[in-house]
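Reviewing the structure listed below.
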There are 2 protein chains.
Amino acid sequence: MSDRVVCRPGGRSARIQASVHQAVEDLLREVGRAELTVPMVAARAGVTPSTLYRRWGDLTHLLADVSAQRLQPDQALPDSGDWRADLRAWTEQYADEMSSKLGRQMLRDVISASVETGIANNCRAFVVQQIASICARGGDTLDAESVIEQVVSPILYRILFDDRPADRAFCGRLLDRVLD
Amino acid sequence: MSDRVVCRPGGRSARIQASVHQAVEDLLREVGRAELTVPMVAARAGVTPSTLYRRWGDLTHLLADVSAQRLQPDQALPDSGDWRADLRAWTEQYADEMSSKLGRQMLRDVISASVETGIANNCRAFVVQQIASICARGGDTLDAESVIEQVVSPILYRILFDDRPADRAFCGRLLDRVLD
DNA sequence: TGCGTTAATGCAACTTTTTTGCGTTAAGGA
DNA sequence: TCCTTAACGCAAAAAAGTTGCATTAACGCA
């Protein structure tokens with residue numbers, strides 16, 4: 001499973017994991033999520049399907065694992081000197097990224113796997129950390145928790161449950177509210 | 001598919017749909033979501049698996065269909081005379097329902113299927129309608145959209161991405177904010 | 001009511017995916 | 001270097017998913 005303790009992470013295991021992750025990312029672009037299968041990933045990665053089934057359980061958990069890792073290494077936070085502007089920029093980029101087809105798929109996979117594994121909690125922690133570091137620039141007059149509740153949550157709700165887009169205007173309205 | 005136009009809804013089709021839905025609900029309680037399979041549902045419902053594959057496509061869409069229907073016929077909204085109290089009661093019950101294991105599974109299924117079908121949008125519409133009817137009691141001094149953004153969204157974010165519970169205290173804090 | 005049309009289902013053969021047992025490989029430790 | 005064993009490859013078996021064709025029964029129409 002994706003959250004298991006890797007008991008023997010040296011050489012081979014790490015090599016296979018990297019190969020599999022790469023295969024998933026490539027195939028997601030080439031054939032799309034709907035057509036993706038475990039045997040297909042295995043063939044591309046040069047391993048037997050049984051390896052994937054044993055390590056990740058099923059396609060959902062494998063995709064969740066890849067997605068969770070993809071969610072981590074965003075680019076470094078830009079610092080314009082104006083923390084409010086930085087927060088605006090971060091929010092708009094976040095909304096944009098999550099609204100994309102790939103972003104929605106990642107959300108879906110992470111949520112699906114999260115019912116048992118709590119992998120989504122890690123993604124949240126990462127987002128909190130990014131927001132907190134921006135808020136710190138403003139002397140913590142605004143806390144990350146408020147941003148999560150009043151900005152991030154409504155954006156994700158839009159993406160997941162609403163046909164209307166989480167566009168710039170929407171983000172701006174949410175930010176105006178939380179920034180007093 | 002769940003959102004297809006039912007061209008011939010009379011007699012048999014309706015009977016099969018009811019039988020299948022019932023089978024899903026029963027089996028969800030008996031064996032749980034993880035062990036549920038299409039052939040299992042088919043056997044319980046007394047139909048062939050191919051019927052399910054043809055009508056619903058796969059297990060995810062079938063479960064999303066059942067979940068979406070389950071989300072609709074809640075009990076009638078209680079009217080205590082105090083619309084703010086009604087909103088509080090509705091919110092707490094909603095959070096409670098969605099926080100349960102079954103609730104989280106339903107959210108997961110609806111979201112998963114929603115990437116293509118937009119079935120989640122229907123669920124949102126229903127929630128909006130319920131909230132709006134409560135807000136109407138207060139002369140629309142509060143609009144449903146605000147409640148969605150500032151109360152429902154953070155609750156669902158908690159359930160989906162956070163280990164901490166969406167408990168009474170949390171709901172209360174959100175409501176206090178939106179009620180000025 | 002009776003009849004024709006055809007959507008929807010049942011059945012069975014077939015393909016693909018998933019599981020499982022067992023032998024082999026290679027990482028980590030003594 | 002050797003030993004232990006986690007992780008993998010392979011292949012057989014089980015299960016799930018697909019598809020073509022025959023049958024059933026809903027719906028429209030006279």
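Residues are named by chain letter and number: chains run A, B, ... in the order of the structure tokens, numbers start at 1 in each chain, and ligands are numbered from 1 in the order shown.
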
Next item on the list: Would you list, as an NGL selection string, the residues of chain B that end up in alpha helix (DSSP H) under DSSP run on this structure's backbone?
Entry: :B and (11-30 or 38-45 or 49-56 or 59-71 or 83-99 or 101-117 or 119-137 or 144-147 or 153-161 or 168-178)

Please produce a file of the residues just selected, as a CSV table (one decimal), in the first residue's frame, where the atoms kept are C-alpha atoms.
chain,number,residue,atom,x,y,z
B,11,GLY,CA,-42.6,-2.3,-15.6
B,12,ARG,CA,-39.5,-4.4,-15.9
B,13,SER,CA,-36.8,-1.8,-16.0
B,14,ALA,CA,-38.2,-0.1,-13.0
B,15,ARG,CA,-38.5,-3.4,-11.2
B,16,ILE,CA,-34.9,-4.3,-11.9
B,17,GLN,CA,-33.6,-0.9,-10.9
B,18,ALA,CA,-35.4,-1.1,-7.6
B,19,SER,CA,-34.2,-4.6,-7.1
B,20,VAL,CA,-30.6,-3.7,-7.8
B,21,HIS,CA,-30.7,-0.6,-5.6
B,22,GLN,CA,-32.0,-2.6,-2.8
B,23,ALA,CA,-29.4,-5.3,-3.3
B,24,VAL,CA,-26.6,-2.6,-3.2
B,25,GLU,CA,-28.0,-1.1,0.0
B,26,ASP,CA,-28.3,-4.5,1.6
B,27,LEU,CA,-24.8,-5.7,0.6
B,28,LEU,CA,-23.2,-2.4,1.6
B,29,ARG,CA,-24.4,-3.2,5.1
B,30,GLU,CA,-23.6,-6.9,5.0
B,38,VAL,CA,-20.9,-6.4,-9.6
B,39,PRO,CA,-21.5,-10.2,-9.9
B,40,MET,CA,-22.4,-10.2,-6.2
B,41,VAL,CA,-25.0,-7.4,-6.7
B,42,ALA,CA,-26.4,-9.1,-9.7
B,43,ALA,CA,-26.8,-12.4,-7.9
B,44,ARG,CA,-28.6,-10.8,-5.0
B,45,ALA,CA,-30.8,-8.8,-7.3
B,49,PRO,CA,-24.1,-9.2,-14.4
B,50,SER,CA,-24.3,-8.1,-18.1
B,51,THR,CA,-27.4,-6.2,-17.3
B,52,LEU,CA,-25.6,-4.2,-14.7
B,53,TYR,CA,-22.6,-3.6,-16.9
B,54,ARG,CA,-24.9,-2.4,-19.7
B,55,ARG,CA,-27.0,-0.1,-17.6
B,56,TRP,CA,-24.5,1.3,-15.2
B,59,LEU,CA,-19.5,-0.6,-9.9
B,60,THR,CA,-18.5,3.0,-9.4
B,61,HIS,CA,-21.3,4.4,-11.5
B,62,LEU,CA,-23.8,2.0,-9.9
B,63,LEU,CA,-22.8,3.1,-6.4
B,64,ALA,CA,-22.9,6.7,-7.4
B,65,ASP,CA,-26.4,6.2,-8.8
B,66,VAL,CA,-27.6,4.6,-5.5
B,67,SER,CA,-25.8,7.3,-3.4
B,68,ALA,CA,-27.3,10.1,-5.4
B,69,GLN,CA,-30.7,8.8,-4.9
B,70,ARG,CA,-30.1,8.2,-1.3
B,71,LEU,CA,-29.0,11.8,-0.9
B,83,TRP,CA,-35.0,29.8,11.2
B,84,ARG,CA,-31.5,30.2,12.7
B,85,ALA,CA,-32.1,27.2,14.9
B,86,ASP,CA,-33.4,25.3,12.0
B,87,LEU,CA,-30.3,26.1,10.0
B,88,ARG,CA,-28.2,24.9,13.0
B,89,ALA,CA,-30.1,21.7,13.3
B,90,TRP,CA,-29.9,21.0,9.5
B,91,THR,CA,-26.1,21.7,9.5
B,92,GLU,CA,-25.4,19.5,12.4
B,93,GLN,CA,-27.4,16.7,10.9
B,94,TYR,CA,-25.8,17.1,7.5
B,95,ALA,CA,-22.3,17.0,9.0
B,96,ASP,CA,-23.2,14.0,11.0
B,97,GLU,CA,-24.6,12.1,8.1
B,98,MET,CA,-21.7,12.9,5.8
B,99,SER,CA,-19.1,12.1,8.5
B,101,LYS,CA,-18.6,5.7,7.2
B,102,LEU,CA,-21.5,5.3,4.8
B,103,GLY,CA,-21.7,9.1,4.2
B,104,ARG,CA,-18.0,9.3,3.3
B,105,GLN,CA,-18.4,6.3,0.9
B,106,MET,CA,-21.3,8.0,-0.7
B,107,LEU,CA,-19.3,11.2,-1.1
B,108,ARG,CA,-16.5,9.3,-2.6
B,109,ASP,CA,-18.6,7.5,-5.1
B,110,VAL,CA,-20.5,10.5,-6.2
B,111,ILE,CA,-17.3,12.5,-6.6
B,112,SER,CA,-15.7,9.7,-8.6
B,113,ALA,CA,-18.5,9.4,-11.0
B,114,SER,CA,-19.0,13.1,-11.2
B,115,VAL,CA,-15.8,13.7,-13.1
B,116,GLU,CA,-17.7,12.8,-16.3
B,117,THR,CA,-21.4,12.7,-15.4
B,119,ILE,CA,-24.0,13.8,-10.9
B,120,ALA,CA,-22.5,15.7,-8.0
B,121,ASN,CA,-24.0,18.9,-9.3
B,122,ASN,CA,-27.4,17.4,-8.7
B,123,CYS,CA,-26.6,16.6,-5.1
B,124,ARG,CA,-25.4,20.2,-4.7
B,125,ALA,CA,-28.6,21.5,-6.2
B,126,PHE,CA,-30.6,19.5,-3.7
B,127,VAL,CA,-28.6,20.9,-0.8
B,128,VAL,CA,-28.9,24.4,-2.1
B,129,GLN,CA,-32.7,24.0,-2.3
B,130,GLN,CA,-32.9,22.8,1.3
B,131,ILE,CA,-30.8,25.6,2.6
B,132,ALA,CA,-32.6,28.2,0.5
B,133,SER,CA,-36.0,27.1,2.0
B,134,ILE,CA,-34.6,27.7,5.5
B,135,CYS,CA,-33.1,31.0,4.5
B,136,ALA,CA,-36.4,32.1,3.1
B,137,ARG,CA,-37.9,31.8,6.6
B,144,ALA,CA,-27.9,29.9,0.3
B,145,GLU,CA,-24.8,30.6,-1.6
B,146,SER,CA,-23.1,32.0,1.4
B,147,VAL,CA,-24.0,29.1,3.5
B,153,SER,CA,-17.8,23.6,1.9
B,154,PRO,CA,-15.6,23.7,5.1
B,155,ILE,CA,-17.5,20.7,6.5
B,156,LEU,CA,-17.0,18.6,3.5
B,157,TYR,CA,-13.3,19.7,3.3
B,158,ARG,CA,-12.9,18.4,6.9
B,159,ILE,CA,-14.6,15.1,6.1
B,160,LEU,CA,-12.6,14.6,2.9
B,161,PHE,CA,-9.2,16.0,3.8
B,168,ARG,CA,-20.9,20.3,16.7
B,169,ALA,CA,-18.3,22.8,17.8
B,170,PHE,CA,-16.9,23.1,14.4
B,171,CYS,CA,-20.3,23.6,12.8
B,172,GLY,CA,-21.2,26.1,15.4
B,173,ARG,CA,-18.1,28.2,14.7
B,174,LEU,CA,-18.9,28.2,11.0
B,175,LEU,CA,-22.5,29.2,11.6
B,176,ASP,CA,-21.6,31.9,14.0
B,177,ARG,CA,-19.4,33.5,11.3
B,178,VAL,CA,-21.9,33.4,8.5

Check: Taking only C-alpha atoms (C1' of nucleotides) into account, what are the residues of chain D at most 10 Å from chain B, put as a list in words?
Finding: DA15, DA16, DG17, DT18, DT19, DA25, DA26 and DC27 of chain D

What does the file look like for those residues with N, CA and C atoms (P, O5', C5', C4', C3', O3' and C1' of nucleotides), as an mmCIF file, in the first residue's frame?
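Output file part.cif is given in full below:
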data_model
loop_
_atom_site.group_PDB
_atom_site.id
_atom_site.type_symbol
_atom_site.label_atom_id
_atom_site.label_comp_id
_atom_site.auth_asym_id
_atom_site.auth_seq_id
_atom_site.Cartn_x
_atom_site.Cartn_y
_atom_site.Cartn_z
ATOM 1 P P DA D 15 -13.305 -17.873 -7.588
ATOM 2 O "O5'" DA D 15 -13.542 -16.408 -8.174
ATOM 3 C "C5'" DA D 15 -12.693 -15.354 -7.771
ATOM 4 C "C4'" DA D 15 -12.775 -14.212 -8.757
ATOM 5 C "C3'" DA D 15 -14.209 -13.794 -9.114
ATOM 6 O "O3'" DA D 15 -14.451 -12.523 -8.537
ATOM 7 C "C1'" DA D 15 -12.747 -13.850 -11.043
ATOM 8 P P DA D 16 -15.782 -11.726 -8.802
ATOM 9 O "O5'" DA D 16 -15.405 -10.777 -10.024
ATOM 10 C "C5'" DA D 16 -14.244 -9.970 -9.937
ATOM 11 C "C4'" DA D 16 -13.978 -9.284 -11.254
ATOM 12 C "C3'" DA D 16 -15.136 -8.447 -11.789
ATOM 13 O "O3'" DA D 16 -14.617 -7.199 -12.196
ATOM 14 C "C1'" DA D 16 -14.402 -9.952 -13.455
ATOM 15 P P DG D 17 -15.615 -5.990 -12.532
ATOM 16 O "O5'" DG D 17 -15.664 -5.982 -14.128
ATOM 17 C "C5'" DG D 17 -14.463 -5.754 -14.855
ATOM 18 C "C4'" DG D 17 -14.656 -6.099 -16.312
ATOM 19 C "C3'" DG D 17 -15.839 -5.405 -17.005
ATOM 20 O "O3'" DG D 17 -15.316 -4.694 -18.122
ATOM 21 C "C1'" DG D 17 -15.767 -7.705 -17.543
ATOM 22 P P DT D 18 -16.322 -3.958 -19.184
ATOM 23 O "O5'" DT D 18 -16.436 -5.004 -20.385
ATOM 24 C "C5'" DT D 18 -15.262 -5.411 -21.057
ATOM 25 C "C4'" DT D 18 -15.611 -6.236 -22.286
ATOM 26 C "C3'" DT D 18 -16.666 -5.613 -23.209
ATOM 27 O "O3'" DT D 18 -16.127 -5.553 -24.512
ATOM 28 C "C1'" DT D 18 -17.226 -7.868 -22.705
ATOM 29 P P DT D 19 -16.939 -4.812 -25.682
ATOM 30 O "O5'" DT D 19 -17.687 -6.008 -26.409
ATOM 31 C "C5'" DT D 19 -16.946 -7.166 -26.784
ATOM 32 C "C4'" DT D 19 -17.866 -8.219 -27.383
ATOM 33 C "C3'" DT D 19 -19.005 -7.655 -28.245
ATOM 34 O "O3'" DT D 19 -19.064 -8.357 -29.466
ATOM 35 C "C1'" DT D 19 -19.849 -9.172 -26.639
ATOM 36 P P DA D 25 -41.538 -11.748 -20.182
ATOM 37 O "O5'" DA D 25 -41.815 -10.204 -20.405
ATOM 38 C "C5'" DA D 25 -40.858 -9.246 -19.953
ATOM 39 C "C4'" DA D 25 -41.117 -7.903 -20.602
ATOM 40 C "C3'" DA D 25 -42.576 -7.433 -20.559
ATOM 41 O "O3'" DA D 25 -42.580 -6.038 -20.383
ATOM 42 C "C1'" DA D 25 -41.850 -7.406 -22.752
ATOM 43 P P DA D 26 -43.410 -5.381 -19.181
ATOM 44 O "O5'" DA D 26 -43.326 -3.775 -19.471
ATOM 45 C "C5'" DA D 26 -42.226 -3.298 -19.691
ATOM 46 C "C4'" DA D 26 -42.050 -2.207 -20.723
ATOM 47 C "C3'" DA D 26 -43.139 -1.134 -20.859
ATOM 48 O "O3'" DA D 26 -42.521 0.131 -20.989
ATOM 49 C "C1'" DA D 26 -42.799 -2.207 -22.946
ATOM 50 P P DC D 27 -43.353 1.468 -20.719
ATOM 51 O "O5'" DC D 27 -43.790 1.975 -22.158
ATOM 52 C "C5'" DC D 27 -42.785 2.387 -23.079
ATOM 53 C "C4'" DC D 27 -43.358 2.432 -24.474
ATOM 54 C "C3'" DC D 27 -44.643 3.245 -24.624
ATOM 55 O "O3'" DC D 27 -44.360 4.419 -25.374
ATOM 56 C "C1'" DC D 27 -44.717 1.204 -25.861
#

Determine, for each residue of chain C having at least one atom at most 12 Å from an atom of chain A, the closest pair of atoms and their separation in Å to one decimal, counting only C-alpha atoms (C1' of nucleotides); order by chain and ascending number, as JSON lines.
{"residue": "C:DT16", "atom": "C1'", "partner": "A:Pro39", "partner_atom": "CA", "distance": 9.7}
{"residue": "C:DT17", "atom": "C1'", "partner": "A:Pro39", "partner_atom": "CA", "distance": 7.9}
{"residue": "C:DT18", "atom": "C1'", "partner": "A:Tyr53", "partner_atom": "CA", "distance": 8.1}
{"residue": "C:DT19", "atom": "C1'", "partner": "A:Ser50", "partner_atom": "CA", "distance": 8.5}
{"residue": "C:DT20", "atom": "C1'", "partner": "A:Ser50", "partner_atom": "CA", "distance": 9.7}
{"residue": "C:DT25", "atom": "C1'", "partner": "A:Arg12", "partner_atom": "CA", "distance": 10.2}
{"residue": "C:DA26", "atom": "C1'", "partner": "A:Arg12", "partner_atom": "CA", "distance": 7.9}
{"residue": "C:DA27", "atom": "C1'", "partner": "A:Gly10", "partner_atom": "CA", "distance": 6.4}
{"residue": "C:DG28", "atom": "C1'", "partner": "A:Arg8", "partner_atom": "CA", "distance": 7.7}

May I have the residues from that selection written out with N, CA, C and O atoms (P, O5', C5', C4', C3', O3' and C1' of nucleotides), as a compact mmCIF listing (two decimals), in the first residue's frame?
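Output file again18.txt is given in full below:
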# COMPACT_ATOMS: atom_id res chain seq x y z
P DT C 16 -8.11 -9.45 -25.09
O5' DT C 16 -8.11 -8.96 -23.57
C5' DT C 16 -9.08 -8.00 -23.15
C4' DT C 16 -9.15 -7.97 -21.65
C3' DT C 16 -7.79 -7.74 -20.94
O3' DT C 16 -7.83 -6.46 -20.32
C1' DT C 16 -9.11 -9.42 -19.87
P DT C 17 -6.55 -5.89 -19.48
O5' DT C 17 -6.98 -6.26 -17.98
C5' DT C 17 -8.28 -5.89 -17.55
C4' DT C 17 -8.62 -6.55 -16.23
C3' DT C 17 -7.64 -6.26 -15.09
O3' DT C 17 -8.40 -5.88 -13.96
C1' DT C 17 -8.01 -8.57 -15.27
P DT C 18 -7.65 -5.17 -12.70
O5' DT C 18 -7.46 -6.36 -11.65
C5' DT C 18 -8.62 -6.96 -11.11
C4' DT C 18 -8.26 -8.26 -10.41
C3' DT C 18 -7.16 -8.13 -9.33
O3' DT C 18 -7.77 -8.43 -8.08
C1' DT C 18 -6.88 -10.07 -10.66
P DT C 19 -6.87 -8.53 -6.73
O5' DT C 19 -6.59 -10.11 -6.62
C5' DT C 19 -7.69 -11.00 -6.65
C4' DT C 19 -7.19 -12.44 -6.54
C3' DT C 19 -6.22 -12.71 -5.36
O3' DT C 19 -6.72 -13.83 -4.65
C1' DT C 19 -5.32 -13.55 -7.39
P DT C 20 -6.06 -14.18 -3.20
O5' DT C 20 -5.04 -15.34 -3.57
C5' DT C 20 -5.48 -16.42 -4.40
C4' DT C 20 -4.33 -17.37 -4.70
C3' DT C 20 -3.28 -17.48 -3.57
O3' DT C 20 -3.01 -18.86 -3.34
C1' DT C 20 -2.23 -17.02 -5.63
P DT C 25 17.90 -16.56 -9.84
O5' DT C 25 17.70 -15.10 -9.25
C5' DT C 25 16.80 -14.18 -9.88
C4' DT C 25 16.69 -12.92 -9.06
C3' DT C 25 18.02 -12.26 -8.69
O3' DT C 25 17.94 -10.88 -8.95
C1' DT C 25 16.68 -12.56 -6.77
P DA C 26 19.28 -9.99 -9.10
O5' DA C 26 19.26 -9.16 -7.74
C5' DA C 26 18.15 -8.30 -7.47
C4' DA C 26 18.12 -7.94 -6.00
C3' DA C 26 19.43 -7.34 -5.45
O3' DA C 26 19.11 -6.34 -4.55
C1' DA C 26 18.80 -9.14 -4.14
P DA C 27 19.86 -4.89 -4.61
O5' DA C 27 19.44 -4.23 -3.21
C5' DA C 27 18.06 -4.06 -2.92
C4' DA C 27 17.80 -4.27 -1.44
C3' DA C 27 18.75 -3.51 -0.50
O3' DA C 27 17.99 -2.89 0.52
C1' DA C 27 18.78 -5.81 0.03
P DG C 28 18.58 -1.76 1.48
O5' DG C 28 18.92 -2.55 2.83
C5' DG C 28 17.85 -3.13 3.56
C4' DG C 28 18.41 -3.95 4.70
C3' DG C 28 19.51 -3.25 5.52
O3' DG C 28 19.18 -3.33 6.90
C1' DG C 28 20.24 -5.40 4.80

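Nearest to chain A of all the residues B:Gly32, B:Gly139, B:Gly46, B:Gly118 is B:Gly118, counting only C-alpha atoms.
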
Next item on the list: With a distance cut-off of 12 Å and only C-alpha atoms (C1' of nucleotides), select the neighbouring residues of DA30 (chain D), excluding the residue or stretch itself and same-chain residues fewer than 4 positions from it, and output the selection as a ChimeraX atom specification.
Entry: /C:1-4

Selection to disk with C-alpha atoms (C1' of nucleotides), as a compact mmCIF listing (two decimals), in the first residue's frame:
# COMPACT_ATOMS: atom_id res chain seq x y z
C1' DT C 1 -58.00 -5.00 -27.84
C1' DG C 2 -54.57 -6.87 -30.90
C1' DC C 3 -50.22 -6.30 -33.54
C1' DG C 4 -45.65 -4.71 -34.82
